[in-house]
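Undergrad: I am attaching a structure below and will ask some questions about it afterwards.
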Protein chains: 2
Amino acid sequence: MTKNLTLEDTAARLRGRDNILIITHIRPDGDTLGSAAALCSALRRLGKRAYLYKNPGVTDLYLPFVEKFFAPADFSAEFIVSVDTASTNLFPEGFSGGVDLAIDHHPSNSGFAAETYVDGASAACGEIILELVGLLAGPVSKEEADLLFVAVSTDTGCFQYSNVTARTHLAAAELIERGADSARLTKLLFRTCSRERLALEGYIYSNMASYHGGKINIITLTNAALAALGVTEDDMEDIAALPGRLRGGAASVTIRENRDGTSKVSLRTTEEVNASRVCAKFGGGGHAAAAGATIKRPPREAAELMRQALEEALVGGE
Amino acid sequence: MTKNLTLEDTAARLRGRDNILIITHIRPDGDTLGSAAALCSALRRLGKRAYLYKNPGVTDLYLPFVEKFFAPADFSAEFIVSVDTASTNLFPEGFSGGVDLAIDHHPSNSGFAAETYVDGASAACGEIILELVGLLAGPVSKEEADLLFVAVSTDTGCFQYSNVTARTHLAAAELIERGADSARLTKLLFRTCSRERLALEGYIYSNMASYHGGKINIITLTNAALAALGVTEDDMEDIAALPGRLRGGAASVTIRENRDGTSKVSLRTTEEVNASRVCAKFGGGGHAAAAGATIKRPPREAAELMRQALEEALVGGE
């Protein structure tokens with residue numbers, strides 16, 4: 001692992017370079033896109049040529065925020081910066097080049113870049129970029145404030161996740177003071193969704209099965225059900241969190257049928273159950289509160305296997 | 001309307017009194033309860049006897065936060081303070097006495113109290129109480145920080161509503177620095193709900209009817225449907241906001257059957273439609289973006305009347 005730069009050194013590296021290409025991660029979310037675009041804008045304010053790598057995974061939701069920053073086909077980069085990207089297997093489709101500087105908030109950053117700045121205490125990479133832009137180019141512009149508000153709010157579930165700190169709210173306050181249109185952005189990002197997403201949520205809430213006095217909650221999503229709802233991949237973001245909304249639940253399971261009829265299982269748990277240990281029984285893994293596995297059975301059978309494993313875990317106190 | 005006190009004067013009034021009873025509003029929410037309990041705690045830190053009026057409307061969600069502050073039956077108040085209460089018809093059940101001091105963030109406060117402090121720029125009354133406690137008793141305690149985090153987060157939909165300002169986030173940052181357990185509280189208040197609430201959301205998302213290219217969205221909740229879902233009044237909080245989650249919608253209508261078979265209509269609109277004007281056609285009223293009416297017809301007929309009125313408003317550009 002490369003030595004971690006200071007933020008001042010990170011700013012100095014950027015100040016000393018030009019023709020900068022900024023990389024976002026695969027399946028780009030609001031944090032990687034907002035952070036990258038805000039940094040790009042600030043570098044341009046310094047008089048530099050800077051562009052975003054044209055990540056083909058950008059969804060319609062985020063495209064209007066970032067497409068103006070996309071690099072033209074003939075752009076020849078002299079310095080490549082990655083933002084919010086923890087490892088090379090998270091590089092965006094089509095990108096394989098070396099990275100000169102990685103800016104990240106994942107403590108697990110693999111150190112793939114020539115130089116790295118990681119601050120694992122930041123809930124969002126956007127918090128880092130806000131400070132970095134301050135060092136580089138002074139207060140953020142109105143557009144940068146909007147972009148960083150997108151970054152910070154999306155990576156914290158609009159200030160609801162456990163990663164939120166006082167610093168996260170201080171960043172939000174600064175961004176609003178600098179012109180971020182938080183009312184419009186939170187409405188777009190959190191208070192509205194597609195018809196298909198709404199129908200999918202309705203299906204999940206109406207069809208969840210509960211066991212063990214409500215501690216185990218399972219939703220099974222077959223390809224037939226998803227097709228009937230008309231949902232696409234865009235509508236599936238973070239759905240594994242939804243069954244966990246039930247108060248008193250200890251383990252929530254989202255089972256999605258793969259194209260070959262097997263089952264992709266996502267497990268979310270409270271401290272009562274170790275999700276990683278349960279999923280390991282099926283060859284999967286993950287973290288204590290969020291894990292997954294592929295079970296080579298149809299969804300209904302996978303659901304029954306998960307129910308049994310979770311009953312055992314709850315009874316055994318695993 | 002009485003003259004508006006300064007915050008310093010408000011603190012002075014409280015400092016000069018003892019045996020203080022704090023009133024919360026009818027159907028108490030997190031803002032009135034968290035604000036009142038935090039103020040009560042701070043007054044006790046000053047050595048005063050202070051209690052909350054035992055509001056019979058406190059739901060199970062909030063009871064654990066406030067019941068320790070409830071006044072005993074024999075408490076004889078010498079000074080009565082209301083918090084987050086805009087008018088006398090919002091007094092809690094069983095309370096009819098005069099109020100010496102009203103602390104509120106509703107610009108519409110009717111001036112019912114002998115003296116009043118109103119700050120309409122605060123998204124939550126909790127923002128005011130945070131400043132007031134600072135003047136009265138210094139930094140908030142860990143418990144007061146939790147209570148005021150409940151207040152500020154609930155009155156802003158966890159920082160999602162358009163009333164949020166930079167100051168709201170600064171308040172949240174200060175509360176977290178003072179020990180507010182924001183992860184636990186946001187999970188309790190926003191990320192989890194009752195089985196019946198979840199089922200109700202599922203029903204709404206699965207049964208909304210759309211018209212006018214998705215601009216008009218209507219959900220009809222009959223007594224039979226609500227009974228089948230097992231929902232109680234506790235589960236109905238803010239449901240009129242749910243159909244408005246559909247992206248691209250301009251008007252969302254929630255129709256609830258009254259006990260007598262007539263219809264209670266709630267309308268939420270974007271700037272494309274004036275909700276108050278539409279509801280006025282049925283003898284109702286409200287604000288430009290949120291209004292209501294009672295239509296003396298069964299729900300299905302009320303839905304059709306609303307659909308027609310909204311089509312006209314959209315076509316006419318009303």
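Residues are referred to by chain and number: the chain letter is A, B, ... according to the order shown in the structure tokens, the number counts from 1 in that chain, and ligands are numbered separately from 1 in the order shown.
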What residues in stretch 131-274 of chain B get the DSSP label helix (DSSP H, G or I)? Please answer as a PyMOL selection string.
TA: chain B and resi 131-137+142-154+166-177+182-191+195-207+212-214+223-229+233-236+239-241+243-245
Undergrad: Any chance you could tabulate, as a tab-separated table, the residues of chain A at most 6 Å from chain B with each one's nearest atom pair and distance in Å to one decimal, using only C-alpha atoms, in chain and rising number order?
TA:
residue	atom	partner	partner_atom	distance
A:Gln160	CA	B:Thr186	CA	5.6
A:Ser162	CA	B:Ala183	CA	4.5
A:Ala166	CA	B:Ala173	CA	4.1
A:His169	CA	B:His169	CA	5.0
A:Leu170	CA	B:Leu170	CA	5.9
A:Ala173	CA	B:Ala166	CA	4.1
A:Ile176	CA	B:Ala166	CA	5.5
A:Ala183	CA	B:Ser162	CA	4.5
A:Thr186	CA	B:Gln160	CA	5.6
A:Arg191	CA	B:Arg245	CA	5.5
A:Thr192	CA	B:Arg245	CA	4.1
A:Cys193	CA	B:Arg247	CA	5.1
A:Ser194	CA	B:Arg247	CA	5.5
A:Arg195	CA	B:Leu246	CA	5.9
A:Leu198	CA	B:Tyr205	CA	5.7
A:Ala199	CA	B:Ser206	CA	5.5
A:Gly202	CA	B:Gly202	CA	3.7
A:Tyr205	CA	B:Gly202	CA	4.7
A:Ser206	CA	B:Gly202	CA	5.0
A:Arg245	CA	B:Thr192	CA	4.1
A:Leu246	CA	B:Thr192	CA	5.4
A:Arg247	CA	B:Thr192	CA	4.9
Undergrad: Check the smallest atom-to-atom distance from each of B:Leu221, B:Met236, B:Ala289, B:Leu101 to B:Ala250 using only C-alpha atoms, then report the winner.
TA: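 Once distances to B:Ala250 are computed over only C-alpha atoms, the minimum belongs to B:Ala289.
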Undergrad: Would you mind listing what lies within 8 Å of B:Asp31 as a list in words, with only C-alpha atoms counted and same-chain residues fewer than 6 positions away left out?
TA: Asp84, Ala124, Cys125, Gly126, Leu148, Val150, Ala151, Val152, Thr154 and Asp155 of chain B
Undergrad: Could those residues be written to a file, using C-alpha atoms, as an mmCIF file, in the first residue's frame?
TA:
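After the write, out23.cif holds the following:
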data_model
loop_
_atom_site.group_PDB
_atom_site.id
_atom_site.type_symbol
_atom_site.label_atom_id
_atom_site.label_comp_id
_atom_site.auth_asym_id
_atom_site.auth_seq_id
_atom_site.Cartn_x
_atom_site.Cartn_y
_atom_site.Cartn_z
ATOM 1 C CA ASP B 84 -44.539 24.507 18.875
ATOM 2 C CA ALA B 124 -38.105 22.989 13.584
ATOM 3 C CA CYS B 125 -38.976 24.420 16.975
ATOM 4 C CA GLY B 126 -36.029 22.340 18.180
ATOM 5 C CA LEU B 148 -33.536 17.944 20.092
ATOM 6 C CA VAL B 150 -35.660 13.946 17.488
ATOM 7 C CA ALA B 151 -37.251 17.386 17.169
ATOM 8 C CA VAL B 152 -35.131 18.671 14.300
ATOM 9 C CA THR B 154 -38.730 14.669 12.489
ATOM 10 C CA ASP B 155 -39.910 18.154 11.505
#
Undergrad: Going by DSSP on the backbone, which residues of stretch 62-205 of chain A come out as strand (DSSP E or B)? List them as a PyMOL selection string.
TA: chain A and resi 70+79-83+101-104+115-118+193
Undergrad: Do a neighbour search on stretch 24-28 of chain B at 7 Å with only C-alpha atoms, toss out local chain neighbours closer than 4 positions, and write the hits as a list in words.
TA: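 In the requested form, the answer reads Thr32, Leu33, Ala36, Asn55, Gly57, Val58, Ser82, Val83, Asp84, Thr85, Leu90, Phe91, Pro92 and Glu93 of chain B.
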Undergrad: Between atom CA of A:Phe70 and atom CA of A:Arg49, measure the distance and give it in Å to one decimal.
TA: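 Those two atoms sit 11.7 Å apart.
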Undergrad: Would you mind telling me which residue in B:Ile295, B:Asn89, B:Ile216, B:Asn258 lies nearest to B:Gln308 when using only C-alpha atoms?
TA: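 For B:Gln308, the nearest of the candidates is B:Ile216.
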Undergrad: With a distance cut-off of 10 Å and only C-alpha atoms, select the neighbouring residues of B:Ser263, excluding the residue or stretch itself and same-chain residues fewer than 2 positions from it, and output the selection as a short mmCIF file (atom, residue, chain, number, x, y, z; two decimals) with N, CA and C atoms, in the first residue's frame.
TA:
data_model
loop_
_atom_site.label_atom_id
_atom_site.label_comp_id
_atom_site.auth_asym_id
_atom_site.auth_seq_id
_atom_site.Cartn_x
_atom_site.Cartn_y
_atom_site.Cartn_z
N THR B 220 -57.13 5.59 -3.30
CA THR B 220 -58.39 5.59 -2.58
C THR B 220 -58.30 4.56 -1.46
N LEU B 221 -58.50 5.01 -0.24
CA LEU B 221 -58.41 4.12 0.92
C LEU B 221 -59.79 3.98 1.55
N THR B 222 -60.44 2.86 1.31
CA THR B 222 -61.74 2.63 1.93
C THR B 222 -61.54 2.08 3.34
N THR B 254 -54.91 11.74 -2.02
CA THR B 254 -55.15 10.63 -1.11
C THR B 254 -56.58 10.78 -0.59
N ILE B 255 -57.39 9.78 -0.90
CA ILE B 255 -58.80 9.84 -0.50
C ILE B 255 -59.05 8.78 0.56
N ARG B 256 -59.53 9.24 1.70
CA ARG B 256 -59.79 8.32 2.79
C ARG B 256 -61.28 8.35 3.12
N GLU B 257 -61.84 7.17 3.21
CA GLU B 257 -63.27 7.10 3.53
C GLU B 257 -63.49 7.46 5.00
N ASN B 258 -64.42 8.36 5.25
CA ASN B 258 -64.81 8.67 6.62
C ASN B 258 -65.74 7.57 7.15
N ARG B 259 -65.97 7.58 8.46
CA ARG B 259 -66.84 6.57 9.07
C ARG B 259 -68.25 6.59 8.46
N ASP B 260 -68.69 7.80 8.06
CA ASP B 260 -70.06 7.93 7.52
C ASP B 260 -70.10 7.67 6.01
N GLY B 261 -68.98 7.19 5.45
CA GLY B 261 -68.99 6.86 4.02
C GLY B 261 -68.65 8.00 3.10
N VAL B 265 -60.38 14.22 1.52
CA VAL B 265 -59.45 14.32 0.39
C VAL B 265 -58.23 15.16 0.79
N SER B 266 -57.04 14.62 0.54
CA SER B 266 -55.80 15.39 0.72
C SER B 266 -55.12 15.51 -0.63
N ALA B 293 -60.06 18.70 1.48
CA ALA B 293 -61.50 18.97 1.43
C ALA B 293 -62.25 17.73 1.90
N THR B 294 -63.49 17.93 2.32
CA THR B 294 -64.37 16.80 2.56
C THR B 294 -65.40 16.77 1.45
N ILE B 295 -65.48 15.65 0.74
CA ILE B 295 -66.46 15.51 -0.34
C ILE B 295 -67.52 14.51 0.12
N LYS B 296 -68.77 14.94 0.11
CA LYS B 296 -69.84 14.11 0.67
C LYS B 296 -70.32 13.08 -0.34
N ARG B 297 -69.38 12.29 -0.82
CA ARG B 297 -69.64 11.20 -1.75
C ARG B 297 -68.77 10.02 -1.34
N PRO B 298 -69.10 8.84 -1.81
CA PRO B 298 -68.24 7.68 -1.54
C PRO B 298 -66.87 7.89 -2.20
N PRO B 299 -65.83 7.21 -1.71
CA PRO B 299 -64.46 7.42 -2.20
C PRO B 299 -64.32 7.33 -3.72
N ARG B 300 -64.94 6.33 -4.35
CA ARG B 300 -64.75 6.18 -5.81
C ARG B 300 -65.29 7.39 -6.56
N GLU B 301 -66.40 7.92 -6.10
CA GLU B 301 -66.97 9.10 -6.76
C GLU B 301 -66.13 10.34 -6.48
N ALA B 302 -65.62 10.44 -5.24
CA ALA B 302 -64.76 11.58 -4.90
C ALA B 302 -63.50 11.55 -5.75
N ALA B 303 -62.97 10.35 -5.98
CA ALA B 303 -61.76 10.22 -6.80
C ALA B 303 -62.03 10.73 -8.21
#
Undergrad: Write out as a ChimeraX atom specification each polymer residue whose atoms come within 10 Å of B:Glu131, counting only C-alpha atoms; drop sequence neighbours fewer than 6 positions from it.
TA: /B:7-8,11,138-140,171
Undergrad: Extract, using only C-alpha atoms, all DNA, RNA and protein residues at most 8 Å from A:Leu310, discarding same-chain residues fewer than 5 positions from it, and format them as a list of chain:residue names.
TA: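 Returned residues: A:Ile216, A:Ala251, A:Val273, A:Val278.
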Undergrad: Pick out the closest residue to A:Ala209 from this set: A:Val253, A:Ala288, A:Ala227, A:Leu14. Count only C-alpha atoms.
TA: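 When distances to A:Ala209 are compared using only C-alpha atoms, the smallest one comes from A:Val253.
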Undergrad: Work out how far apart atom CA of B:Thr232 and atom CA of B:Lys68 are and give it in Å to one decimal.
TA: 25.7 Å
